[in-house]
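Engineer: Below is the structure I would like to discuss, written out as structure tokens.
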Amino acid sequence: MARFQLDPDPAWDLCEDRDGVLTVELSWLPDGLAARLTEIVASPALVAELTAAGLTGFSTAPAAGYFREDSFVEPGTAPPELVRLVPGADPGADFAYVERAGLTVSERALQILRAHCRRLEATEL
């Protein structure tokens, strides 16, 4: 089964946990999947499609974003709804966070991700 290492949209510079909510300071409107190191967020539409397809290896948690004054968006742009995506460690699941490789996915997951993401880079392992 083919596996792919992902390099998602790095849409923010700062994130913090605020009472259990991953809060990200967005630099621009993020792709359907965006990440910095181990912190990953996704659009609710992407999460719904991943769940409907029965993909494995991830859970979700609350997330929120906000724009800085100097973000690359029009003034007054509302931040998008976000969901925290928490991958597991099982390399046989559709999603896994693997030591030294980072976020990896199955071919099935990659097909769905590509439909939601413009800036997603994937490398076959």
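Residue names in the structure tokens use chain letters A, B, ... in the order shown, residue numbers from 1 in each chain, and ligand numbers from 1 in the order shown.
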Env of Ala42 (chain A): 9 Å cut, atoms = only C-alpha atoms, seq-sep filter 2 positions within chain, self excluded. Answer as a list in words.
Structural biologist: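 After dropping sequence-adjacent residues, the list is Pro30, Asp31, Gly32, Leu33, Ala34, Ala35, Ile40, Pro44, Ala45, Leu46, Val47, Ala63, Glu81, Leu82, Val83, Arg84 and Leu85 of chain A.
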Engineer: Using only all heavy atoms, please write the residues we just selected to a file, as a short mmCIF file (atom, residue, chain, number, x, y, z; two decimals), in the first residue's frame.
Structural biologist:
```
data_model
loop_
_atom_site.label_atom_id
_atom_site.label_comp_id
_atom_site.auth_asym_id
_atom_site.auth_seq_id
_atom_site.Cartn_x
_atom_site.Cartn_y
_atom_site.Cartn_z
N PRO A 30 -6.33 29.78 4.75
CA PRO A 30 -5.67 28.49 4.63
C PRO A 30 -6.36 27.56 3.64
O PRO A 30 -7.54 27.71 3.32
CB PRO A 30 -5.76 27.93 6.05
CG PRO A 30 -7.00 28.54 6.60
CD PRO A 30 -7.08 29.91 5.99
N ASP A 31 -5.59 26.58 3.17
CA ASP A 31 -6.12 25.48 2.39
C ASP A 31 -7.07 24.66 3.26
O ASP A 31 -7.17 24.89 4.47
CB ASP A 31 -4.97 24.56 1.97
CG ASP A 31 -4.59 24.67 0.51
OD1 ASP A 31 -5.26 25.40 -0.24
OD2 ASP A 31 -3.62 24.00 0.11
N GLY A 32 -7.67 23.64 2.66
CA GLY A 32 -8.52 22.73 3.42
C GLY A 32 -7.76 22.01 4.52
O GLY A 32 -8.33 21.59 5.51
N LEU A 33 -6.43 21.86 4.34
CA LEU A 33 -5.56 21.28 5.34
C LEU A 33 -4.36 22.20 5.48
O LEU A 33 -3.73 22.57 4.49
CB LEU A 33 -5.08 19.89 4.90
CG LEU A 33 -4.24 19.12 5.91
CD1 LEU A 33 -5.11 18.58 7.05
CD2 LEU A 33 -3.52 17.96 5.23
N ALA A 34 -4.05 22.60 6.70
CA ALA A 34 -2.91 23.49 6.96
C ALA A 34 -2.20 23.01 8.21
O ALA A 34 -2.83 22.46 9.12
CB ALA A 34 -3.38 24.94 7.13
N ALA A 35 -0.88 23.20 8.24
CA ALA A 35 -0.12 22.68 9.38
C ALA A 35 1.19 23.42 9.59
O ALA A 35 1.76 23.98 8.65
CB ALA A 35 0.17 21.20 9.17
N ILE A 40 -2.10 20.65 13.29
CA ILE A 40 -2.78 20.52 12.00
C ILE A 40 -4.22 20.99 12.15
O ILE A 40 -4.90 20.62 13.10
CB ILE A 40 -2.75 19.06 11.53
CG1 ILE A 40 -1.30 18.56 11.48
CG2 ILE A 40 -3.43 18.90 10.18
CD1 ILE A 40 -1.18 17.05 11.40
N PRO A 44 -14.02 22.21 8.04
CA PRO A 44 -15.08 21.27 8.41
C PRO A 44 -15.54 20.42 7.21
O PRO A 44 -15.85 19.24 7.38
CB PRO A 44 -16.21 22.19 8.90
CG PRO A 44 -15.51 23.40 9.40
CD PRO A 44 -14.36 23.59 8.46
N ALA A 45 -15.52 20.99 6.00
CA ALA A 45 -15.93 20.22 4.82
C ALA A 45 -14.97 19.07 4.55
O ALA A 45 -15.39 17.96 4.21
CB ALA A 45 -16.01 21.15 3.60
N LEU A 46 -13.68 19.31 4.70
CA LEU A 46 -12.70 18.25 4.50
C LEU A 46 -12.87 17.16 5.55
O LEU A 46 -12.89 15.97 5.23
CB LEU A 46 -11.28 18.81 4.54
CG LEU A 46 -10.15 17.77 4.49
CD1 LEU A 46 -10.23 16.87 3.26
CD2 LEU A 46 -8.80 18.46 4.57
N VAL A 47 -13.02 17.55 6.81
CA VAL A 47 -13.19 16.57 7.88
C VAL A 47 -14.44 15.74 7.64
O VAL A 47 -14.43 14.52 7.81
CB VAL A 47 -13.23 17.26 9.26
CG1 VAL A 47 -13.63 16.28 10.35
CG2 VAL A 47 -11.88 17.88 9.57
N ALA A 63 -10.71 24.01 17.13
CA ALA A 63 -9.68 24.94 16.64
C ALA A 63 -10.36 26.24 16.24
O ALA A 63 -11.56 26.27 15.94
CB ALA A 63 -8.93 24.35 15.46
N GLU A 81 -13.91 28.76 9.48
CA GLU A 81 -14.10 27.76 10.54
C GLU A 81 -12.98 26.74 10.39
O GLU A 81 -12.62 26.36 9.28
CB GLU A 81 -15.45 27.07 10.41
CG GLU A 81 -16.62 27.93 10.78
CD GLU A 81 -17.91 27.13 10.76
OE1 GLU A 81 -17.94 26.02 11.34
OE2 GLU A 81 -18.86 27.62 10.16
N LEU A 82 -12.45 26.29 11.50
CA LEU A 82 -11.37 25.31 11.50
C LEU A 82 -11.66 24.19 12.49
O LEU A 82 -12.37 24.39 13.48
CB LEU A 82 -10.04 25.97 11.89
CG LEU A 82 -9.54 27.10 11.01
CD1 LEU A 82 -8.32 27.77 11.65
CD2 LEU A 82 -9.20 26.57 9.62
N VAL A 83 -11.09 23.03 12.20
CA VAL A 83 -11.16 21.87 13.09
C VAL A 83 -9.73 21.38 13.26
O VAL A 83 -8.97 21.31 12.29
CB VAL A 83 -12.02 20.75 12.47
CG1 VAL A 83 -12.03 19.52 13.36
CG2 VAL A 83 -13.43 21.23 12.19
N ARG A 84 -9.36 21.06 14.49
CA ARG A 84 -8.03 20.49 14.71
C ARG A 84 -8.05 19.03 14.29
O ARG A 84 -8.95 18.27 14.67
CB ARG A 84 -7.67 20.60 16.19
CG ARG A 84 -6.25 20.17 16.50
CD ARG A 84 -5.96 20.36 17.96
NE ARG A 84 -4.54 20.29 18.23
CZ ARG A 84 -4.00 20.53 19.41
NH1 ARG A 84 -4.77 20.89 20.42
NH2 ARG A 84 -2.70 20.43 19.58
N LEU A 85 -7.08 18.64 13.49
CA LEU A 85 -6.94 17.26 13.05
C LEU A 85 -5.77 16.66 13.83
O LEU A 85 -4.67 17.19 13.81
CB LEU A 85 -6.66 17.20 11.55
CG LEU A 85 -6.78 15.84 10.92
CD1 LEU A 85 -8.25 15.57 10.57
CD2 LEU A 85 -5.95 15.75 9.67
#
```
Engineer: Skip Asp70 (chain A) itself and residues of its chain fewer than 3 positions away, then list as a PDB file with all heavy atoms, in the first residue's frame all residues within 12 Å of it, counting only C-alpha atoms.
Structural biologist:
```pdb
ATOM      1  N   GLU A  25      -2.879  32.035  14.541  1.00  0.00           N
ATOM      2  CA  GLU A  25      -2.819  33.393  14.000  1.00  0.00           C
ATOM      3  C   GLU A  25      -2.539  33.252  12.501  1.00  0.00           C
ATOM      4  O   GLU A  25      -1.408  32.999  12.092  1.00  0.00           O
ATOM      5  CB  GLU A  25      -1.697  34.157  14.689  1.00  0.00           C
ATOM      6  CG  GLU A  25      -1.564  35.591  14.239  1.00  0.00           C
ATOM      7  CD  GLU A  25      -0.383  36.261  14.915  1.00  0.00           C
ATOM      8  OE1 GLU A  25       0.760  35.996  14.499  1.00  0.00           O
ATOM      9  OE2 GLU A  25      -0.623  37.029  15.859  1.00  0.00           O
ATOM     10  N   LEU A  26      -3.577  33.392  11.688  1.00  0.00           N
ATOM     11  CA  LEU A  26      -3.482  33.121  10.249  1.00  0.00           C
ATOM     12  C   LEU A  26      -2.777  34.243   9.497  1.00  0.00           C
ATOM     13  O   LEU A  26      -3.032  35.418   9.738  1.00  0.00           O
ATOM     14  CB  LEU A  26      -4.879  32.930   9.658  1.00  0.00           C
ATOM     15  CG  LEU A  26      -5.650  31.722  10.202  1.00  0.00           C
ATOM     16  CD1 LEU A  26      -7.120  31.821   9.816  1.00  0.00           C
ATOM     17  CD2 LEU A  26      -5.034  30.437   9.699  1.00  0.00           C
ATOM     18  N   SER A  27      -1.916  33.855   8.571  1.00  0.00           N
ATOM     19  CA  SER A  27      -1.240  34.819   7.699  1.00  0.00           C
ATOM     20  C   SER A  27      -2.034  35.048   6.420  1.00  0.00           C
ATOM     21  O   SER A  27      -1.915  36.077   5.781  1.00  0.00           O
ATOM     22  CB  SER A  27       0.158  34.315   7.340  1.00  0.00           C
ATOM     23  OG  SER A  27       0.924  34.140   8.505  1.00  0.00           O
ATOM     24  N   TRP A  28      -2.825  34.054   6.007  1.00  0.00           N
ATOM     25  CA  TRP A  28      -3.671  34.126   4.810  1.00  0.00           C
ATOM     26  C   TRP A  28      -4.789  33.102   4.962  1.00  0.00           C
ATOM     27  O   TRP A  28      -4.798  32.325   5.910  1.00  0.00           O
ATOM     28  CB  TRP A  28      -2.872  33.868   3.528  1.00  0.00           C
ATOM     29  CG  TRP A  28      -2.093  32.584   3.524  1.00  0.00           C
ATOM     30  CD1 TRP A  28      -2.581  31.320   3.306  1.00  0.00           C
ATOM     31  CD2 TRP A  28      -0.694  32.418   3.780  1.00  0.00           C
ATOM     32  NE1 TRP A  28      -1.574  30.399   3.406  1.00  0.00           N
ATOM     33  CE2 TRP A  28      -0.402  31.040   3.675  1.00  0.00           C
ATOM     34  CE3 TRP A  28       0.346  33.297   4.048  1.00  0.00           C
ATOM     35  CZ2 TRP A  28       0.877  30.524   3.851  1.00  0.00           C
ATOM     36  CZ3 TRP A  28       1.620  32.777   4.222  1.00  0.00           C
ATOM     37  CH2 TRP A  28       1.872  31.426   4.116  1.00  0.00           C
ATOM     38  N   TYR A  66      -7.620  33.410  13.646  1.00  0.00           N
ATOM     39  CA  TYR A  66      -7.865  34.845  13.556  1.00  0.00           C
ATOM     40  C   TYR A  66      -6.792  35.436  12.657  1.00  0.00           C
ATOM     41  O   TYR A  66      -5.724  34.854  12.471  1.00  0.00           O
ATOM     42  CB  TYR A  66      -7.860  35.509  14.943  1.00  0.00           C
ATOM     43  CG  TYR A  66      -6.539  35.423  15.673  1.00  0.00           C
ATOM     44  CD1 TYR A  66      -5.599  36.462  15.595  1.00  0.00           C
ATOM     45  CD2 TYR A  66      -6.213  34.305  16.443  1.00  0.00           C
ATOM     46  CE1 TYR A  66      -4.388  36.380  16.255  1.00  0.00           C
ATOM     47  CE2 TYR A  66      -5.002  34.220  17.110  1.00  0.00           C
ATOM     48  CZ  TYR A  66      -4.091  35.260  17.008  1.00  0.00           C
ATOM     49  OH  TYR A  66      -2.901  35.171  17.662  1.00  0.00           O
ATOM     50  N   PHE A  67      -7.106  36.593  12.051  1.00  0.00           N
ATOM     51  CA  PHE A  67      -6.162  37.265  11.167  1.00  0.00           C
ATOM     52  C   PHE A  67      -5.449  38.378  11.920  1.00  0.00           C
ATOM     53  O   PHE A  67      -6.052  39.083  12.728  1.00  0.00           O
ATOM     54  CB  PHE A  67      -6.876  37.858   9.953  1.00  0.00           C
ATOM     55  CG  PHE A  67      -7.373  36.814   8.998  1.00  0.00           C
ATOM     56  CD1 PHE A  67      -8.728  36.666   8.768  1.00  0.00           C
ATOM     57  CD2 PHE A  67      -6.490  35.989   8.330  1.00  0.00           C
ATOM     58  CE1 PHE A  67      -9.191  35.702   7.878  1.00  0.00           C
ATOM     59  CE2 PHE A  67      -6.938  35.031   7.450  1.00  0.00           C
ATOM     60  CZ  PHE A  67      -8.297  34.887   7.228  1.00  0.00           C
ATOM     61  N   VAL A  73      -4.996  39.240   3.554  1.00  0.00           N
ATOM     62  CA  VAL A  73      -6.432  39.166   3.244  1.00  0.00           C
ATOM     63  C   VAL A  73      -6.988  40.582   3.218  1.00  0.00           C
ATOM     64  O   VAL A  73      -6.376  41.510   3.759  1.00  0.00           O
ATOM     65  CB  VAL A  73      -7.210  38.318   4.287  1.00  0.00           C
ATOM     66  CG1 VAL A  73      -6.775  36.868   4.252  1.00  0.00           C
ATOM     67  CG2 VAL A  73      -7.082  38.889   5.678  1.00  0.00           C
ATOM     68  N   GLU A  74      -8.130  40.739   2.602  1.00  0.00           N
ATOM     69  CA  GLU A  74      -8.800  42.036   2.593  1.00  0.00           C
ATOM     70  C   GLU A  74      -9.238  42.390   4.013  1.00  0.00           C
ATOM     71  O   GLU A  74      -9.675  41.511   4.765  1.00  0.00           O
ATOM     72  CB  GLU A  74     -10.033  41.992   1.679  1.00  0.00           C
ATOM     73  CG  GLU A  74      -9.709  41.816   0.213  1.00  0.00           C
ATOM     74  CD  GLU A  74      -8.969  43.012  -0.367  1.00  0.00           C
ATOM     75  OE1 GLU A  74      -9.318  44.151  -0.017  1.00  0.00           O
ATOM     76  OE2 GLU A  74      -8.030  42.783  -1.153  1.00  0.00           O
ATOM     77  N   PRO A  75      -9.121  43.662   4.401  1.00  0.00           N
ATOM     78  CA  PRO A  75      -9.593  44.068   5.729  1.00  0.00           C
ATOM     79  C   PRO A  75     -11.050  43.655   5.939  1.00  0.00           C
ATOM     80  O   PRO A  75     -11.865  43.743   5.018  1.00  0.00           O
ATOM     81  CB  PRO A  75      -9.452  45.593   5.710  1.00  0.00           C
ATOM     82  CG  PRO A  75      -8.391  45.860   4.685  1.00  0.00           C
ATOM     83  CD  PRO A  75      -8.564  44.785   3.637  1.00  0.00           C
ATOM     84  N   GLY A  76     -11.341  43.171   7.107  1.00  0.00           N
ATOM     85  CA  GLY A  76     -12.705  42.751   7.435  1.00  0.00           C
ATOM     86  C   GLY A  76     -13.022  41.311   7.058  1.00  0.00           C
ATOM     87  O   GLY A  76     -14.129  40.841   7.305  1.00  0.00           O
TER      88      GLY A  76
END
```
Engineer: Using only C-alpha atoms, determine which residues lie at most 8 Å from Ser59 (chain A), disregarding the query and same-chain residues fewer than 5 positions distant; provide the list as a ChimeraX atom specification.
Structural biologist: /A:85-88
Engineer: Hey, which of A:Gly65, A:Gly102, A:Pro80, A:Pro91 ends up closest to Arg18 (chain A)? Count only C-alpha atoms.
Structural biologist: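 Ranking A:Gly65, A:Gly102, A:Pro80, A:Pro91 by distance to Arg18 (chain A), first place goes to A:Gly65.
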Engineer: Please measure the separation of CA of Thr56 (chain A) and CA of Pro10 (chain A), giving the value in Å to one decimal.
Structural biologist: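 According to the coordinates, CA of Thr56 (chain A) and CA of Pro10 (chain A) are separated by 23.5 Å.
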Engineer: Using DSSP on the backbone coordinates, identify all residues within chain A classified as strand (DSSP E); present the result as a ChimeraX atom specification.
Structural biologist: /A:3-7,12-18,21-26,33-36,39-42,58-67,82-87,95-98,102-106,121-124
Engineer: Got a sec to tell me which of chain A DSSP assigns to helix (DSSP H, G or I), as an MDAnalysis selection string?
Structural biologist: chainID A and resid 44:52 107:116
Engineer: Counting only C-alpha atoms, which of A:Glu124, A:Glu49, A:Glu16, A:Glu107 gets nearest to Asp94 (chain A)?
Structural biologist: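 Among the listed residues, the smallest separation from Asp94 (chain A) belongs to A:Glu107.
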Engineer: Env of Leu110 (chain A): 12 Å cut, atoms = only C-alpha atoms, seq-sep filter 5 positions within chain, self excluded. Answer as a PyMOL selection string.
Structural biologist: chain A and resi 2-8+33+46+50+55+94-95+103-105+115-117+120-124
Engineer: Could you save those same residues with C-alpha atoms as an mmCIF file, in the first residue's frame?
Structural biologist:
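Here's the written file result_15.cif:
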```cif
data_model
loop_
_atom_site.group_PDB
_atom_site.id
_atom_site.type_symbol
_atom_site.label_atom_id
_atom_site.label_comp_id
_atom_site.auth_asym_id
_atom_site.auth_seq_id
_atom_site.Cartn_x
_atom_site.Cartn_y
_atom_site.Cartn_z
ATOM 1 C CA ALA A 2 1.492 3.360 -1.038
ATOM 2 C CA ARG A 3 2.140 5.977 1.646
ATOM 3 C CA PHE A 4 2.727 9.673 1.131
ATOM 4 C CA GLN A 5 4.505 12.232 3.278
ATOM 5 C CA LEU A 6 2.611 15.526 3.307
ATOM 6 C CA ASP A 7 3.776 19.111 3.397
ATOM 7 C CA PRO A 8 0.524 21.063 3.932
ATOM 8 C CA LEU A 33 -5.557 21.278 5.343
ATOM 9 C CA LEU A 46 -12.697 18.252 4.502
ATOM 10 C CA LEU A 50 -12.756 12.146 5.388
ATOM 11 C CA LEU A 55 -10.795 7.001 6.747
ATOM 12 C CA ASP A 94 -5.061 6.297 6.516
ATOM 13 C CA PHE A 95 -3.487 9.118 8.590
ATOM 14 C CA LEU A 103 2.307 13.541 8.566
ATOM 15 C CA THR A 104 1.757 10.563 6.275
ATOM 16 C CA VAL A 105 -1.382 9.380 4.508
ATOM 17 C CA ALA A 115 -9.658 17.859 -3.962
ATOM 18 C CA HIS A 116 -9.616 20.330 -1.023
ATOM 19 C CA CYS A 117 -6.068 21.701 -1.149
ATOM 20 C CA LEU A 120 -0.504 20.539 -0.650
ATOM 21 C CA GLU A 121 2.767 18.810 -1.508
ATOM 22 C CA ALA A 122 2.985 15.021 -1.287
ATOM 23 C CA THR A 123 6.004 12.750 -1.636
ATOM 24 C CA GLU A 124 5.652 9.008 -2.031
#
```
Engineer: Could you check how far CA of Arg114 (chain A) sits from CA of Ala89 (chain A), in Å to one decimal?
Structural biologist: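 CA of Ala89 (chain A) lies 22.1 Å from CA of Arg114 (chain A).
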Engineer: With distances taken over only C-alpha atoms, which of A:Gly20, A:Arg100, A:Leu29, A:Gly92 is nearest to Arg118 (chain A)?
Structural biologist: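 So, comparing all the options, the nearest one is A:Leu29.
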Engineer: Measuring between only C-alpha atoms, which one of A:Val24, A:Ala96, A:Leu37, A:Leu113 shows the shortest distance to Ala64 (chain A)?
Structural biologist: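 Counting only C-alpha atoms, the residue closest to Ala64 (chain A) is A:Val24.
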Engineer: Of the residues A:Ile112, A:Val98, A:Leu14, A:Val41, which is the one nearest to Gly57 (chain A), using only C-alpha atoms?
Structural biologist: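 Comparing A:Ile112, A:Val98, A:Leu14, A:Val41 against Gly57 (chain A), the winner is A:Val98.
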Engineer: One decimal, Å: what's the distance from CA of Asp13 (chain A) over to CA of Phe72 (chain A), could you say?
Structural biologist: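 Pair CA of Asp13 (chain A) / CA of Phe72 (chain A) returns 12.9 Å.
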